[in-house]
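Novice: Input file: target07.pdb. Contents: PDB, C-alpha atoms, pLDDT in the B column.
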ATOM      1  CA  MET A  44     -33.298   4.762  25.356  1.00 68.00           C
ATOM      2  CA  LYS A  45     -33.636   8.515  25.620  1.00 74.00           C
ATOM      3  CA  ASN A  46     -30.361   8.603  27.528  1.00 82.00           C
ATOM      4  CA  GLN A  47     -28.604   6.720  24.733  1.00 81.00           C
ATOM      5  CA  ILE A  48     -29.924   9.102  22.118  1.00 81.00           C
ATOM      6  CA  VAL A  49     -28.667  12.049  24.156  1.00 81.00           C
ATOM      7  CA  LYS A  50     -25.238  10.363  24.503  1.00 78.00           C
ATOM      8  CA  LEU A  51     -25.117   9.692  20.768  1.00 76.00           C
ATOM      9  CA  PHE A  52     -26.023  13.311  20.073  1.00 74.00           C
ATOM     10  CA  ILE A  53     -23.242  14.560  22.356  1.00 74.00           C
ATOM     11  CA  PHE A  54     -20.779  12.152  20.705  1.00 71.00           C
ATOM     12  CA  THR A  55     -21.648  13.301  17.186  1.00 71.00           C
ATOM     13  CA  GLN A  56     -21.226  16.916  18.274  1.00 70.00           C
ATOM     14  CA  LYS A  57     -17.655  16.097  19.353  1.00 70.00           C
ATOM     15  CA  ILE A  58     -16.841  14.819  15.857  1.00 70.00           C
ATOM     16  CA  ASN A  59     -15.689  17.932  14.138  1.00 75.00           C
ATOM     17  CA  ARG A  60     -14.274  18.685  10.731  1.00 76.00           C
ATOM     18  CA  GLN A  61     -10.730  18.035  11.880  1.00 77.00           C
ATOM     19  CA  HIS A  62     -11.581  14.502  13.017  1.00 82.00           C
ATOM     20  CA  ILE A  63     -13.101  13.747   9.632  1.00 85.00           C
ATOM     21  CA  GLN A  64     -10.012  15.141   7.886  1.00 82.00           C
ATOM     22  CA  ILE A  65      -7.735  12.957  10.031  1.00 85.00           C
ATOM     23  CA  ALA A  66      -9.832   9.864   9.330  1.00 89.00           C
ATOM     24  CA  LEU A  67      -9.904  10.627   5.606  1.00 90.00           C
ATOM     25  CA  ALA A  68      -6.134  11.200   5.463  1.00 90.00           C
ATOM     26  CA  LEU A  69      -5.386   7.964   7.329  1.00 92.00           C
ATOM     27  CA  LEU A  70      -7.838   6.072   5.121  1.00 94.00           C
ATOM     28  CA  ALA A  71      -6.213   7.564   2.015  1.00 96.00           C
ATOM     29  CA  LEU A  72      -2.726   6.627   3.194  1.00 95.00           C
ATOM     30  CA  GLY A  73      -3.819   3.105   4.056  1.00 96.00           C
ATOM     31  CA  LEU A  74      -5.491   2.626   0.687  1.00 97.00           C
ATOM     32  CA  PHE A  75      -2.483   4.175  -1.042  1.00 97.00           C
ATOM     33  CA  VAL A  76      -0.008   1.646   0.363  1.00 96.00           C
ATOM     34  CA  LEU A  77      -2.444  -1.227  -0.251  1.00 95.00           C
ATOM     35  CA  GLY A  78      -2.992  -0.027  -3.805  1.00 96.00           C
ATOM     36  CA  ALA A  79       0.585   0.872  -4.703  1.00 96.00           C
ATOM     37  CA  GLY A  80       2.355  -2.019  -2.995  1.00 94.00           C
ATOM     38  CA  ALA A  81       2.337  -5.599  -4.195  1.00 90.00           C
ATOM     39  CA  PRO A  82       3.752  -7.899  -1.538  1.00 90.00           C
ATOM     40  CA  ALA A  83       2.678 -11.571  -1.558  1.00 89.00           C
ATOM     41  CA  ASP A  84       2.351 -13.596   1.613  1.00 83.00           C
ATOM     42  CA  GLY A  85       1.551 -17.199   2.512  1.00 67.00           C
ATOM     43  CA  GLY A  86      -2.184 -16.792   2.329  1.00 60.00           C
ATOM     44  CA  GLY A  87      -1.780 -15.980  -1.279  1.00 51.00           C
ATOM     45  CA  VAL A  88      -3.467 -18.732  -3.259  1.00 57.00           C
ATOM     46  CA  LEU A  89      -6.878 -17.327  -4.029  1.00 59.00           C
ATOM     47  CA  PRO A  90      -9.534 -18.360  -6.531  1.00 53.00           C
ATOM     48  CA  HIS A  91      -9.399 -16.400  -9.776  1.00 55.00           C
TER      49      HIS A  91
ATOM     50  CA  MET B  94      -1.044  -5.857   4.944  1.00 73.00           C
ATOM     51  CA  ILE B  95       2.663  -5.688   5.757  1.00 82.00           C
ATOM     52  CA  LEU B  96       2.794  -2.161   4.289  1.00 90.00           C
ATOM     53  CA  LEU B  97       0.148  -0.958   6.747  1.00 93.00           C
ATOM     54  CA  VAL B  98       2.675  -1.750   9.486  1.00 93.00           C
ATOM     55  CA  ALA B  99       4.903   0.997   8.033  1.00 94.00           C
ATOM     56  CA  ILE B 100       2.091   3.540   8.539  1.00 94.00           C
ATOM     57  CA  LEU B 101       1.473   2.311  12.067  1.00 94.00           C
ATOM     58  CA  ALA B 102       5.202   2.372  12.889  1.00 96.00           C
ATOM     59  CA  GLY B 103       5.483   5.898  11.452  1.00 94.00           C
ATOM     60  CA  LEU B 104       2.491   6.991  13.511  1.00 92.00           C
ATOM     61  CA  VAL B 105       3.986   5.571  16.728  1.00 94.00           C
ATOM     62  CA  VAL B 106       7.414   7.118  16.099  1.00 95.00           C
ATOM     63  CA  GLY B 107       5.824  10.419  15.021  1.00 93.00           C
ATOM     64  CA  LEU B 108       3.674  10.566  18.166  1.00 92.00           C
ATOM     65  CA  PHE B 109       6.702   9.737  20.308  1.00 94.00           C
ATOM     66  CA  LEU B 110       8.872  12.444  18.708  1.00 93.00           C
ATOM     67  CA  THR B 111       6.190  15.128  18.898  1.00 91.00           C
ATOM     68  CA  ARG B 112       5.559  14.252  22.545  1.00 92.00           C
ATOM     69  CA  LEU B 113       9.267  14.693  23.227  1.00 93.00           C
ATOM     70  CA  GLN B 114       9.141  18.069  21.482  1.00 90.00           C
ATOM     71  CA  LYS B 115       5.945  18.959  23.372  1.00 91.00           C
ATOM     72  CA  ARG B 116       3.924  19.776  20.297  1.00 88.00           C
ATOM     73  CA  PRO B 117       0.819  18.101  18.861  1.00 88.00           C
ATOM     74  CA  TRP B 118       1.106  15.491  16.130  1.00 86.00           C
ATOM     75  CA  THR B 119      -0.954  16.337  13.097  1.00 87.00           C
ATOM     76  CA  VAL B 120      -1.912  14.120  10.226  1.00 88.00           C
ATOM     77  CA  PRO B 121      -0.021  14.863   6.948  1.00 91.00           C
ATOM     78  CA  PRO B 122      -2.023  17.512   5.046  1.00 92.00           C
ATOM     79  CA  LEU B 123      -2.862  15.384   2.023  1.00 93.00           C
ATOM     80  CA  ARG B 124      -4.354  17.081  -1.011  1.00 94.00           C
ATOM     81  CA  LYS B 125      -7.154  15.345  -2.888  1.00 95.00           C
ATOM     82  CA  PRO B 126      -7.374  12.251  -0.638  1.00 94.00           C
ATOM     83  CA  TRP B 127     -10.570  11.264  -2.461  1.00 95.00           C
ATOM     84  CA  LEU B 128      -8.416  10.533  -5.512  1.00 97.00           C
ATOM     85  CA  VAL B 129      -6.850   7.578  -3.654  1.00 97.00           C
ATOM     86  CA  ILE B 130     -10.286   6.190  -2.870  1.00 96.00           C
ATOM     87  CA  ILE B 131     -11.309   6.435  -6.525  1.00 97.00           C
ATOM     88  CA  ALA B 132      -7.971   4.945  -7.625  1.00 98.00           C
ATOM     89  CA  PHE B 133      -8.364   2.020  -5.264  1.00 98.00           C
ATOM     90  CA  LEU B 134     -11.867   1.075  -6.469  1.00 97.00           C
ATOM     91  CA  PRO B 135     -10.734  -0.943  -9.541  1.00 97.00           C
ATOM     92  CA  GLN B 136      -8.355  -2.909  -7.328  1.00 97.00           C
ATOM     93  CA  PHE B 137     -11.004  -3.400  -4.669  1.00 96.00           C
ATOM     94  CA  PHE B 138     -13.507  -4.933  -7.075  1.00 96.00           C
ATOM     95  CA  ASN B 139     -11.102  -6.692  -9.453  1.00 95.00           C
ATOM     96  CA  LEU B 140      -8.507  -8.020  -7.017  1.00 94.00           C
ATOM     97  CA  TYR B 141      -9.667  -7.890  -3.398  1.00 92.00           C
ATOM     98  CA  LEU B 142     -13.430  -8.397  -3.073  1.00 94.00           C
ATOM     99  CA  PRO B 143     -14.057 -12.188  -3.236  1.00 91.00           C
ATOM    100  CA  ALA B 144     -17.578 -11.779  -4.619  1.00 93.00           C
ATOM    101  CA  THR B 145     -16.393  -9.870  -7.681  1.00 94.00           C
ATOM    102  CA  ARG B 146     -12.750 -10.885  -8.217  1.00 92.00           C
ATOM    103  CA  THR B 147     -13.673 -14.372  -9.462  1.00 91.00           C
ATOM    104  CA  ARG B 148     -15.977 -12.891 -12.099  1.00 93.00           C
ATOM    105  CA  VAL B 149     -13.457 -10.500 -13.612  1.00 94.00           C
ATOM    106  CA  ALA B 150     -11.283 -11.704 -16.489  1.00 95.00           C
ATOM    107  CA  ASP B 151      -7.532 -11.418 -15.951  1.00 94.00           C
ATOM    108  CA  LYS B 152      -7.287  -8.999 -18.867  1.00 95.00           C
ATOM    109  CA  PHE B 153      -9.667  -6.528 -17.207  1.00 95.00           C
ATOM    110  CA  ALA B 154      -8.143  -7.062 -13.772  1.00 96.00           C
ATOM    111  CA  SER B 155      -4.667  -6.230 -15.082  1.00 97.00           C
ATOM    112  CA  ALA B 156      -5.926  -3.184 -17.001  1.00 97.00           C
ATOM    113  CA  GLY B 157      -7.731  -1.997 -13.872  1.00 97.00           C
ATOM    114  CA  LEU B 158      -4.574  -2.427 -11.832  1.00 97.00           C
ATOM    115  CA  ILE B 159      -2.530  -0.318 -14.233  1.00 97.00           C
ATOM    116  CA  VAL B 160      -5.192   2.429 -14.393  1.00 98.00           C
ATOM    117  CA  SER B 161      -5.330   2.404 -10.604  1.00 98.00           C
ATOM    118  CA  LEU B 162      -1.558   2.790 -10.271  1.00 98.00           C
ATOM    119  CA  ILE B 163      -1.524   5.659 -12.769  1.00 98.00           C
ATOM    120  CA  LEU B 164      -4.237   7.464 -10.768  1.00 98.00           C
ATOM    121  CA  LEU B 165      -2.146   6.974  -7.627  1.00 98.00           C
ATOM    122  CA  LEU B 166       0.785   8.591  -9.442  1.00 97.00           C
ATOM    123  CA  PHE B 167      -1.416  11.650 -10.045  1.00 98.00           C
ATOM    124  CA  PHE B 168      -2.133  11.713  -6.322  1.00 98.00           C
ATOM    125  CA  CYS B 169       1.633  11.732  -5.680  1.00 97.00           C
ATOM    126  CA  TRP B 170       2.006  14.658  -8.067  1.00 97.00           C
ATOM    127  CA  PHE B 171      -0.673  16.696  -6.248  1.00 97.00           C
ATOM    128  CA  ASN B 172       1.112  16.003  -2.958  1.00 96.00           C
ATOM    129  CA  ARG B 173       4.658  16.295  -4.238  1.00 95.00           C
ATOM    130  CA  ARG B 174       5.559  18.975  -1.689  1.00 93.00           C
ATOM    131  CA  LEU B 175       5.013  16.633   1.242  1.00 94.00           C
ATOM    132  CA  SER B 176       8.089  15.092   2.795  1.00 91.00           C
ATOM    133  CA  GLY B 177       8.240  11.370   1.993  1.00 93.00           C
ATOM    134  CA  MET B 178       5.973  11.616  -1.037  1.00 96.00           C
ATOM    135  CA  TRP B 179       8.859  11.197  -3.467  1.00 95.00           C
ATOM    136  CA  LEU B 180       9.783   7.902  -1.852  1.00 96.00           C
ATOM    137  CA  LEU B 181       6.184   6.768  -2.194  1.00 97.00           C
ATOM    138  CA  ALA B 182       6.080   7.905  -5.818  1.00 97.00           C
ATOM    139  CA  LEU B 183       9.377   6.182  -6.625  1.00 98.00           C
ATOM    140  CA  GLY B 184       8.175   2.887  -5.149  1.00 98.00           C
ATOM    141  CA  LEU B 185       4.863   3.197  -6.943  1.00 98.00           C
ATOM    142  CA  ALA B 186       6.596   3.972 -10.262  1.00 98.00           C
ATOM    143  CA  MET B 187       8.846   0.916  -9.841  1.00 98.00           C
ATOM    144  CA  ASN B 188       5.859  -1.354  -9.218  1.00 98.00           C
ATOM    145  CA  LEU B 189       3.945   0.212 -12.112  1.00 98.00           C
ATOM    146  CA  LEU B 190       6.919  -0.287 -14.426  1.00 98.00           C
ATOM    147  CA  ILE B 191       7.373  -3.985 -13.707  1.00 97.00           C
ATOM    148  CA  ILE B 192       3.641  -4.694 -13.676  1.00 97.00           C
ATOM    149  CA  ALA B 193       3.203  -2.990 -17.047  1.00 97.00           C
ATOM    150  CA  ALA B 194       6.260  -4.785 -18.452  1.00 97.00           C
ATOM    151  CA  ASN B 195       4.930  -8.211 -17.450  1.00 96.00           C
ATOM    152  CA  GLY B 196       1.370  -8.225 -18.701  1.00 94.00           C
ATOM    153  CA  GLY B 197      -0.344  -6.306 -15.927  1.00 96.00           C
ATOM    154  CA  PHE B 198       0.561  -8.312 -12.828  1.00 97.00           C
ATOM    155  CA  MET B 199       3.522  -8.436 -10.447  1.00 97.00           C
ATOM    156  CA  PRO B 200       5.749 -11.381 -11.386  1.00 97.00           C
ATOM    157  CA  ILE B 201       6.926 -13.823  -8.736  1.00 96.00           C
ATOM    158  CA  SER B 202       9.126 -16.841  -9.383  1.00 96.00           C
ATOM    159  CA  PRO B 203       8.238 -20.424  -8.347  1.00 94.00           C
ATOM    160  CA  GLN B 204      11.414 -20.442  -6.261  1.00 94.00           C
ATOM    161  CA  THR B 205      10.198 -17.417  -4.255  1.00 94.00           C
ATOM    162  CA  VAL B 206       6.693 -18.885  -3.926  1.00 94.00           C
ATOM    163  CA  SER B 207       8.201 -22.118  -2.562  1.00 92.00           C
ATOM    164  CA  ARG B 208       9.331 -20.151   0.484  1.00 91.00           C
ATOM    165  CA  ILE B 209       5.883 -18.775   1.292  1.00 90.00           C
ATOM    166  CA  VAL B 210       3.520 -21.686   0.528  1.00 90.00           C
ATOM    167  CA  SER B 211       3.680 -25.428   1.116  1.00 88.00           C
ATOM    168  CA  PRO B 212       5.015 -27.756  -1.647  1.00 89.00           C
ATOM    169  CA  GLU B 213       1.496 -29.201  -2.022  1.00 90.00           C
ATOM    170  CA  ILE B 214       0.067 -25.794  -2.846  1.00 89.00           C
ATOM    171  CA  LEU B 215       2.983 -24.973  -5.127  1.00 89.00           C
ATOM    172  CA  ALA B 216       2.368 -28.211  -7.039  1.00 91.00           C
ATOM    173  CA  THR B 217      -1.134 -26.980  -7.924  1.00 91.00           C
ATOM    174  CA  LEU B 218       0.242 -23.811  -9.514  1.00 91.00           C
ATOM    175  CA  GLY B 219       1.445 -23.580 -13.084  1.00 92.00           C
ATOM    176  CA  ASN B 220       3.550 -21.064 -14.931  1.00 92.00           C
ATOM    177  CA  GLY B 221       1.448 -17.981 -15.710  1.00 92.00           C
ATOM    178  CA  ASP B 222      -1.093 -18.640 -12.949  1.00 93.00           C
ATOM    179  CA  ARG B 223      -2.298 -15.781 -10.773  1.00 92.00           C
ATOM    180  CA  PHE B 224      -0.989 -15.807  -7.230  1.00 92.00           C
ATOM    181  CA  GLY B 225      -2.323 -13.755  -4.343  1.00 90.00           C
ATOM    182  CA  TYR B 226      -3.938 -10.451  -5.173  1.00 92.00           C
ATOM    183  CA  LYS B 227      -1.614  -8.926  -7.742  1.00 94.00           C
ATOM    184  CA  ASP B 228       1.016 -11.522  -8.562  1.00 95.00           C
ATOM    185  CA  ILE B 229       1.550 -13.896 -11.435  1.00 95.00           C
ATOM    186  CA  LEU B 230       3.792 -16.937 -11.323  1.00 95.00           C
ATOM    187  CA  LEU B 231       6.532 -16.538 -13.923  1.00 96.00           C
ATOM    188  CA  LEU B 232       9.862 -18.246 -14.476  1.00 96.00           C
ATOM    189  CA  PRO B 233      12.836 -15.897 -13.970  1.00 95.00           C
ATOM    190  CA  GLU B 234      13.859 -16.209 -17.632  1.00 95.00           C
ATOM    191  CA  GLN B 235      10.383 -15.049 -18.685  1.00 95.00           C
ATOM    192  CA  THR B 236      10.370 -12.066 -16.323  1.00 96.00           C
ATOM    193  CA  ARG B 237      11.279  -8.610 -17.528  1.00 96.00           C
ATOM    194  CA  LEU B 238      13.063  -6.345 -15.025  1.00 96.00           C
ATOM    195  CA  ILE B 239      13.274  -9.199 -12.528  1.00 95.00           C
ATOM    196  CA  TRP B 240      15.056  -7.063  -9.923  1.00 96.00           C
ATOM    197  CA  LEU B 241      11.834  -5.031  -9.603  1.00 97.00           C
ATOM    198  CA  SER B 242       9.633  -8.110  -9.093  1.00 96.00           C
ATOM    199  CA  ASP B 243       8.501  -9.753  -5.833  1.00 96.00           C
ATOM    200  CA  TYR B 244      12.009 -11.105  -5.534  1.00 92.00           C
ATOM    201  CA  PHE B 245      12.935 -10.357  -1.942  1.00 94.00           C
ATOM    202  CA  LEU B 246      12.168 -12.385   1.165  1.00 94.00           C
ATOM    203  CA  PRO B 247      12.829 -11.990   4.873  1.00 92.00           C
ATOM    204  CA  PRO B 248      15.507 -14.289   6.334  1.00 91.00           C
ATOM    205  CA  GLU B 249      14.608 -17.970   6.532  1.00 87.00           C
ATOM    206  CA  GLY B 250      13.044 -18.765   9.882  1.00 85.00           C
ATOM    207  CA  PHE B 251      11.424 -15.342  10.145  1.00 87.00           C
ATOM    208  CA  PRO B 252       7.888 -15.997  11.468  1.00 86.00           C
ATOM    209  CA  TYR B 253       6.112 -14.012   8.741  1.00 86.00           C
ATOM    210  CA  GLN B 254       7.201 -14.973   5.251  1.00 89.00           C
ATOM    211  CA  VAL B 255       6.282 -12.448   2.576  1.00 92.00           C
ATOM    212  CA  ALA B 256       7.690 -11.756  -0.868  1.00 95.00           C
ATOM    213  CA  PHE B 257       8.164  -8.090  -1.650  1.00 96.00           C
ATOM    214  CA  SER B 258       9.593  -5.888  -4.363  1.00 97.00           C
ATOM    215  CA  LEU B 259      12.095  -3.040  -4.298  1.00 97.00           C
ATOM    216  CA  GLY B 260       9.127  -0.727  -4.964  1.00 97.00           C
ATOM    217  CA  ASP B 261       7.414  -2.060  -1.832  1.00 97.00           C
ATOM    218  CA  VAL B 262      10.500  -1.140   0.209  1.00 97.00           C
ATOM    219  CA  PHE B 263      10.367   2.461  -1.056  1.00 97.00           C
ATOM    220  CA  ILE B 264       6.598   2.621  -0.427  1.00 97.00           C
ATOM    221  CA  ALA B 265       7.056   1.403   3.150  1.00 97.00           C
ATOM    222  CA  ALA B 266       9.912   3.866   3.711  1.00 97.00           C
ATOM    223  CA  GLY B 267       7.877   6.735   2.214  1.00 96.00           C
ATOM    224  CA  ALA B 268       4.778   5.957   4.298  1.00 96.00           C
ATOM    225  CA  PHE B 269       6.909   5.728   7.437  1.00 96.00           C
ATOM    226  CA  TRP B 270       8.704   8.992   6.688  1.00 95.00           C
ATOM    227  CA  LEU B 271       5.470  10.799   5.815  1.00 94.00           C
ATOM    228  CA  MET B 272       3.935   9.810   9.138  1.00 94.00           C
ATOM    229  CA  VAL B 273       7.025  10.649  11.186  1.00 93.00           C
ATOM    230  CA  THR B 274       7.521  14.081   9.635  1.00 91.00           C
ATOM    231  CA  GLN B 275       3.778  14.725   9.195  1.00 84.00           C
ATOM    232  CA  GLY B 276       4.548  15.630   5.613  1.00 77.00           C
ATOM    233  CA  LYS B 277       6.678  18.621   6.584  1.00 81.00           C
ATOM    234  CA  ALA B 278      10.194  18.949   5.216  1.00 66.00           C
ATOM    235  CA  LEU B 279      12.708  18.797   8.043  1.00 57.00           C
ATOM    236  CA  ASP B 280      14.522  21.926   6.861  1.00 54.00           C
ATOM    237  CA  ALA B 281      11.175  23.787   6.791  1.00 52.00           C
ATOM    238  CA  LYS B 282      10.663  22.735  10.409  1.00 50.00           C
ATOM    239  CA  ASN B 283      14.068  24.086  11.319  1.00 48.00           C
ATOM    240  CA  ASN B 284      13.392  27.322   9.457  1.00 46.00           C
ATOM    241  CA  SER B 285      10.108  27.795  11.289  1.00 46.00           C
ATOM    242  CA  LYS B 286      11.929  27.412  14.584  1.00 44.00           C
ATOM    243  CA  GLY B 287      14.449  30.068  13.677  1.00 35.00           C
TER     244      GLY B 287
END
Let's see the structure in the file written out as structure tokens.
Specialist:
Amino acid sequence: MKNQIVKLFIFTQKINRQHIQIALALLALGLFVLGAGAPADGGGVLPH
Amino acid sequence: MILLVAILAGLVVGLFLTRLQKRPWTVPPLRKPWLVIIAFLPQFFNLYLPATRTRVADKFASAGLIVSLILLLFFCWFNRRLSGMWLLALGLAMNLLIIAANGGFMPISPQTVSRIVSPEILATLGNGDRFGYKDILLLPEQTRLIWLSDYFLPPEGFPYQVAFSLGDVFIAAGAFWLMVTQGKALDAKNNSKG
């Protein structure tokens, strides 16, 4: 248990500001194309 | 989901090119990325999230979609200097235009829908019914700016059948280009080399 906590601590220390910026930018781009685009595929009949 | 493939493809090609050039790939330096998250929220609750989408009236869902697209246009403006952003903005503006011109949803014709769902499912749909997340079933003669609607399809026999608009094509191209170039103009890259 203690070992796992130490590992988690080391892992969180490796996450730096740049990693967060990359994740945020990729998330923003993904949401942008989902939000701006409007394709319709076969799974498209949904309850409204 | 098909548009996410454009981002992934751009990422793969971008990583490949930067590896060839022996330099690190960096994510496009987007300004105000939080604006996209805020802009997406109305769509998330009104169109995507099953628990809430069924409770929202079409009128509010369509208004939310238009507000969301306008906010995304602001995001494009803040990032207008990034390579590929104009393609994204053009595609977004095309989709916004047709959605606004047709009551707040993306029109799709019964003929197009017949290619992507079974005849049994099509028989349950009527003119003016919502289809998918953002579409509305409309006859071609009732559709304004039909050439901007979900009018295009991959070739028959293609394993993944999806209807898409001209705006979607520009959005996919813009996302791909943005990822490949990392948002830097190619001429700027050349200038920095010299």
Novice: For this file, the ChimeraX specification (/A :<6) & /B selects which residues, as JSON, numbers by chain?
Specialist: {"B": [120, 126, 129, 133, 147, 185, 209, 210, 224, 225, 255, 256, 257, 261]}
Novice: Report the distance between CA of Gly103 in chain B and CA of Val273 in chain B in Å, rounded to one decimal place.
Specialist: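 Distance reported for this atom pair: 5.0 Å.
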Novice: Could you check how far CA of Leu215 in chain B sits from CA of Ile229 in chain B, in Å to one decimal?
Specialist: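 Between CA of Leu215 in chain B and CA of Ile229 in chain B the gap works out to 12.8 Å.
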Novice: Around (11.6, -0.5, 4.2), as given in the file, which residues come within 12 Å? Count all atoms listed in the file and list them as a PDB file with C-alpha atoms, in the coordinates of the input.
Specialist:
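Result file is point35.pdb:
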ATOM      1  CA  GLY A  80       2.355  -2.019  -2.995  1.00 94.00           C
TER       2      GLY A  80
ATOM      3  CA  ILE B  95       2.663  -5.688   5.757  1.00 82.00           C
ATOM      4  CA  LEU B  96       2.794  -2.161   4.289  1.00 90.00           C
ATOM      5  CA  LEU B  97       0.148  -0.958   6.747  1.00 93.00           C
ATOM      6  CA  VAL B  98       2.675  -1.750   9.486  1.00 93.00           C
ATOM      7  CA  ALA B  99       4.903   0.997   8.033  1.00 94.00           C
ATOM      8  CA  ILE B 100       2.091   3.540   8.539  1.00 94.00           C
ATOM      9  CA  ALA B 102       5.202   2.372  12.889  1.00 96.00           C
ATOM     10  CA  GLY B 103       5.483   5.898  11.452  1.00 94.00           C
ATOM     11  CA  LEU B 180       9.783   7.902  -1.852  1.00 96.00           C
ATOM     12  CA  LEU B 181       6.184   6.768  -2.194  1.00 97.00           C
ATOM     13  CA  GLY B 184       8.175   2.887  -5.149  1.00 98.00           C
ATOM     14  CA  PHE B 245      12.935 -10.357  -1.942  1.00 94.00           C
ATOM     15  CA  PRO B 247      12.829 -11.990   4.873  1.00 92.00           C
ATOM     16  CA  PHE B 257       8.164  -8.090  -1.650  1.00 96.00           C
ATOM     17  CA  SER B 258       9.593  -5.888  -4.363  1.00 97.00           C
ATOM     18  CA  LEU B 259      12.095  -3.040  -4.298  1.00 97.00           C
ATOM     19  CA  GLY B 260       9.127  -0.727  -4.964  1.00 97.00           C
ATOM     20  CA  ASP B 261       7.414  -2.060  -1.832  1.00 97.00           C
ATOM     21  CA  VAL B 262      10.500  -1.140   0.209  1.00 97.00           C
ATOM     22  CA  PHE B 263      10.367   2.461  -1.056  1.00 97.00           C
ATOM     23  CA  ILE B 264       6.598   2.621  -0.427  1.00 97.00           C
ATOM     24  CA  ALA B 265       7.056   1.403   3.150  1.00 97.00           C
ATOM     25  CA  ALA B 266       9.912   3.866   3.711  1.00 97.00           C
ATOM     26  CA  GLY B 267       7.877   6.735   2.214  1.00 96.00           C
ATOM     27  CA  ALA B 268       4.778   5.957   4.298  1.00 96.00           C
ATOM     28  CA  PHE B 269       6.909   5.728   7.437  1.00 96.00           C
ATOM     29  CA  TRP B 270       8.704   8.992   6.688  1.00 95.00           C
TER      30      TRP B 270
END
Novice: Work out how far CA of Ile159 in chain B is from CA of Thr236 in chain B, in Å to one decimal.
Specialist: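 Interatomic distance, CA of Thr236 in chain B to CA of Ile159 in chain B: 17.6 Å.
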Novice: Could you tell me which residues the PyMOL selection byres ((chain B and resi 164-170) around 7) returns for this structure, as a ChimeraX atom specification?
Specialist: /B:128-129,132,160-163,171-173,178,182
Novice: Write to file, as a JSON list (two decimals), keeping the file's coordinate frame, the residues of the selection just made, with C-alpha atoms.
Specialist:
[["chain", "number", "residue", "atom", "x", "y", "z"],
["B", 128, "LEU", "CA", -8.42, 10.53, -5.51],
["B", 129, "VAL", "CA", -6.85, 7.58, -3.65],
["B", 132, "ALA", "CA", -7.97, 4.94, -7.62],
["B", 160, "VAL", "CA", -5.19, 2.43, -14.39],
["B", 161, "SER", "CA", -5.33, 2.40, -10.60],
["B", 162, "LEU", "CA", -1.56, 2.79, -10.27],
["B", 163, "ILE", "CA", -1.52, 5.66, -12.77],
["B", 171, "PHE", "CA", -0.67, 16.70, -6.25],
["B", 172, "ASN", "CA", 1.11, 16.00, -2.96],
["B", 173, "ARG", "CA", 4.66, 16.30, -4.24],
["B", 178, "MET", "CA", 5.97, 11.62, -1.04],
["B", 182, "ALA", "CA", 6.08, 7.90, -5.82]]
Novice: Rank B:Ala154, B:Leu230, B:Leu123, B:Leu101 by their smallest atom-to-atom distance to Ser207 in chain B, using only C-alpha atoms, and report the top residue only.
Specialist: B:Leu230
Novice: Run the PyMOL selection byres ((chain B and resi 198-204) around 7) on the file and write out the hits as a list of chain:residue names.
Specialist: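 Applying the PyMOL selection byres ((chain B and resi 198-204) around 7) to the structure shown produces A:Ala81, B:Ser155, B:Ile191, B:Ile192, B:Asn195, B:Gly196, B:Gly197, B:Thr205, B:Val206, B:Ser207, B:Lys227, B:Asp228, B:Ile229, B:Leu230, B:Leu231, B:Leu232, B:Pro233, B:Thr236, B:Ser242, B:Asp243, B:Tyr244.
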